[in-house]
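Notes to accompany the following structure.
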Amino acid sequence: GIDIVTLPDRTRYQLGEEFDPDGMVVQASRSDGSKIQITNYAIQGFEKKVGMQAVTISYQGFEKVISVTVVDEAPESISIWSLPTKMSY
């Protein structure tokens, strides 16, 4: 089988963003009981729509599901870091 040892760094996404597996650690169990870390797993089920989603991580017929949230939130504020060099046109 497989196990999700560490969830991805991000499990909350803004609407329109892609799923990012960075930080996720997935292990596969061998027949002798040993475990190996794998990176060639497949990811399915992430959709660019608002709400909780079940994302399936699969490897050689084994699957695990993780939950992620997609939100559509307006920014709380915006900031100007530096003024333009040209102020008159």
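In the structure tokens, chains take letters A, B, ... by order of appearance, with residues numbered from 1 within each chain and ligands from 1 in the order shown.
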Task: Residues of chain A in strand (DSSP E), written as a PyMOL selection string - done: chain A and resi 2-6+12-14+25-29+35-38+42-44+51-59+62-71
TODO: List the neighbours of region 66-72 of chain A out to 9 Å using only C-alpha atoms; skip same-chain residues closer than 3 positions along the sequence, and give me the result as an NGL selection string.
DONE: :A and (4 or 7 or 10-17 or 46-57)
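Nearest to Glu63 (chain A) of all the residues A:Asp9, A:Gln27, A:Pro84, A:Glu76 is A:Gln27, counting only C-alpha atoms.
What separates CA of Val5 (chain A) from CA of Asn40 (chain A) is a distance of 15.2 Å.
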